[in-house]
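S.K.: One structure, pasted below without further comment.
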Amino acid sequence: MVIDEVMLRGGNDEDRVAVLHFKHGTLISLFDGHCGYESAAYAADTLPQLLADHITQNIDKQDIPTMMTEVIESFDISLLDKFTVLFDKDEDFSDEKWHGDAAEGFIFHKHLGIKGDAKFHAARCAVTGTTAVIGFITKDRKHVWVASLGDSDAVLARRSEDGICRLTMLSARHDPESEEEKKRLASEHPNEELPIWNGALLGVLRVTRALGDYQLKAPLNMAGRGMQWVYPALLGYQVVDEWATKGHVSPPYMSRTPEIRHADIMDGDLLIFASDGLRHSLPSQIEADEQWKVMLGLVNGSADPRLGHQCVLSSNVADGLVQNVLFGSDEEKMIKVIDGPTYRDDISVVVIKFVEVV
């Protein structure tokens with residue numbers, strides 16, 4: 001098993017990747033943060049070891065999906081716990097003291113501290129958010145389970161005997177365009193209109209499952225009146241109050257529950273993890289259902305004409321994939337990507353090559 005990885009920083013430096021080898025296998029984790037880096041960084045530093053410990057302690061149960069779900073949900077709950085412990089046990093965020101402007105923010109910082117303090121960092125981990133794809137590869141390299149929240153990708157590629165390379169998506173796409181996610185939200189909030197408008201969950205985020213993002217999970221008064229002071233918070237109280245006027249009063253709306261998929265592994269397989277910045281860098285002419293077919297072609301040295309450039313070869317498969325999506329052999333494109341002022345999302349890719357052990 002050979003692991004290649006690359007991270008191309010964009011405007012926000014919010015992606016994180018973690019690879020952890022342990023007694024029962026390997027954990028590959030990719031976190032794509034939003035509204036700040038803190039939750040992604042904390043998850044990368046903490047969550048893989050929690051998963052490894054839980055799998056080791058419960059390996060006899062042979063129920064990997066349940067183990068992964070338990071740890072991921074518990075980790076997410078702990079983010080809110082680290083926030084609420086900063087206040088009185090029965091703190092009432094509907095109290096008038098939380099309803100003022102910046103001057104009353106000083107009251108909050110008596111509890112929270114200031115930027116750079118451990119308490120402030122804990123609060124930031126709750127307010128910022130991150131998508132996740134986490135793969136557990138068994139020690140014998142015959143099985144992989146992938147837990148996903150959000151819109152990053154995990155793809156298994158296998159070349160069959162007829163020479164055709166086939167793809168298996170091991171991640172789900174948890175975004176407001178997903179019909180499955182719309183059905184889930186309607187079921188969880190049966191007395192409300194669907195909480196999606198402007199192409200976003202509650203009009204603000206374009207994912208429907210993530211770690212953190214507690215302004216879309218916590219009780220409304222806490223989310224609007226309390227968490228608004230965790231500078232720079234995603235939302236002020238006015239936005240949260242608007243949700244209430246629309247009848248959206250039953251959080252959580254953002255889900256912490258991962259979707260788990262399994263695949264058998266064979267020698268010669270490729271397992272690819274990628275943040276959404278990779279596929280969003282493809283030309284718009286390439287439809288969503290074609291994107292990974294095109295990108296797998298790049299891995300195999302074949303460039304789709306719609307890219308407008310030829311492939312380059314790289315000994316690092318992950319690095320080669322990113323280069324060939326962005327610019328390939330076109331030096332002018334490369335200069336624009338590297339030196340250009342245009343904002344670009346972070347791109348992170350991990351490629352695992354399963355080779356026969358001799």
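Following the order of the structure tokens, first chain is A, next is B, and so on, with residues numbered from 1 inside each chain and ligands from 1 in the order they appear.
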Could you make a table, as a Markdown table, of the residues of stretch 172-215 of chain A that have an atom within 6 Å of an atom of stretch 118-129 of chain A, each with its nearest atom pair and distance in Å to one decimal, counting only C-alpha atoms, in chain and number order?
M.R.:
| residue | atom | partner | partner_atom | distance |
| --- | --- | --- | --- | --- |
| A:Leu211 | CA | A:Gly129 | CA | 5.6 |
| A:Gly212 | CA | A:Gly129 | CA | 4.4 |
| A:Asp213 | CA | A:Gly129 | CA | 4.5 |
| A:Tyr214 | CA | A:Val127 | CA | 5.3 |
S.K.: Write out as a PyMOL selection string all residues of stretch 124-267 of chain A that DSSP puts in alpha helix (DSSP H) for this structure's backbone.
M.R.: chain A and resi 124-127+179-188+220-221+237-245
S.K.: Using only C-alpha atoms, which of A:Glu259, A:Glu161, A:Asp81, A:Asp117 sits nearest A:Pro65?
M.R.: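 Answer, going by the shortest atom-to-atom distance: A:Glu259.
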S.K.: So that I can see what lies close to stretch 57-64 of chain A, please list as a list in words the residues with an atom at most 12 Å from it, counting only C-alpha atoms and leaving out residues fewer than 2 positions away in the same chain.
M.R.: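 Once the adjacent positions are removed, what remains is Lys23, His24, Gly25, Leu50, Leu51, Ala52, Asp53, His54, Ile55, Thr66, Met67, Met68, Thr69, Glu70, Val71, Gly135, Phe136, Ile137, Thr138, His143, Val144, Trp145, Val146, Ala147, Ile260, Arg261 and His262 of chain A.
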S.K.: Would you mind exporting C-alpha atoms of the selected residues as a PDB file, in the first residue's frame?
M.R.:
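Done, and the output landed in out-v7.pdb:
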ATOM      1  CA  LYS A  23      -2.759  -2.081  15.286  1.00  0.00           C
ATOM      2  CA  HIS A  24      -5.787  -2.988  13.174  1.00  0.00           C
ATOM      3  CA  GLY A  25      -5.163  -0.984  10.022  1.00  0.00           C
ATOM      4  CA  LEU A  50     -10.271   8.420  18.990  1.00  0.00           C
ATOM      5  CA  LEU A  51     -11.424   6.165  16.158  1.00  0.00           C
ATOM      6  CA  ALA A  52      -8.333   3.947  16.387  1.00  0.00           C
ATOM      7  CA  ASP A  53      -8.782   3.529  20.141  1.00  0.00           C
ATOM      8  CA  HIS A  54     -12.492   2.694  19.824  1.00  0.00           C
ATOM      9  CA  ILE A  55     -11.946   0.201  17.010  1.00  0.00           C
ATOM     10  CA  THR A  66     -21.510   1.477  14.300  1.00  0.00           C
ATOM     11  CA  MET A  67     -18.072   2.055  15.830  1.00  0.00           C
ATOM     12  CA  MET A  68     -17.232   4.846  13.399  1.00  0.00           C
ATOM     13  CA  THR A  69     -20.632   6.498  13.797  1.00  0.00           C
ATOM     14  CA  GLU A  70     -20.451   6.401  17.608  1.00  0.00           C
ATOM     15  CA  VAL A  71     -17.044   8.053  17.732  1.00  0.00           C
ATOM     16  CA  GLY A 135     -11.488   5.770   5.580  1.00  0.00           C
ATOM     17  CA  PHE A 136     -10.602   2.740   7.705  1.00  0.00           C
ATOM     18  CA  ILE A 137      -8.476   0.238   5.770  1.00  0.00           C
ATOM     19  CA  THR A 138      -8.086  -3.112   7.523  1.00  0.00           C
ATOM     20  CA  HIS A 143     -11.649  -4.036   3.240  1.00  0.00           C
ATOM     21  CA  VAL A 144     -12.296  -0.318   3.527  1.00  0.00           C
ATOM     22  CA  TRP A 145     -15.097   1.549   5.271  1.00  0.00           C
ATOM     23  CA  VAL A 146     -15.576   5.234   4.526  1.00  0.00           C
ATOM     24  CA  ALA A 147     -17.517   7.631   6.756  1.00  0.00           C
ATOM     25  CA  ILE A 260     -20.865   4.751   6.018  1.00  0.00           C
ATOM     26  CA  ARG A 261     -20.023   2.739   2.906  1.00  0.00           C
ATOM     27  CA  HIS A 262     -17.921  -0.411   2.506  1.00  0.00           C
TER      28      HIS A 262
END
S.K.: Identify all residues of stretch 114-336 of chain A in strand (DSSP E or B) (DSSP on the backbone) and supply them as a ChimeraX atom specification.
M.R.: /A:129-138,143-149,153-159,165-169,196-197,200-201,205,209,211-212,255,259-264,270-274
S.K.: Excluding A:Gly297 and residues on its chain fewer than 6 positions from it, collect all residues at most 10 Å away from it, counting only C-alpha atoms, and give them as number ranges by chain.
M.R.: A: 165, 291, 303-304, 311, 321
S.K.: Leaving out stretch 192-202 of chain A and any residue of its chain fewer than 4 positions from it, which residues lie within 6 Å of it when counting only C-alpha atoms, given as a list in words?
M.R.: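 Residues meeting the cut-off are Pro176, Ala186 and Arg206 of chain A.
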S.K.: If you measure from atom CA of A:Leu8 to atom CA of A:Asp346, what distance in Å do you get, rounded to one decimal?
M.R.: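 Straight-line distance from atom CA of A:Leu8 to atom CA of A:Asp346 works out to 5.9 Å.
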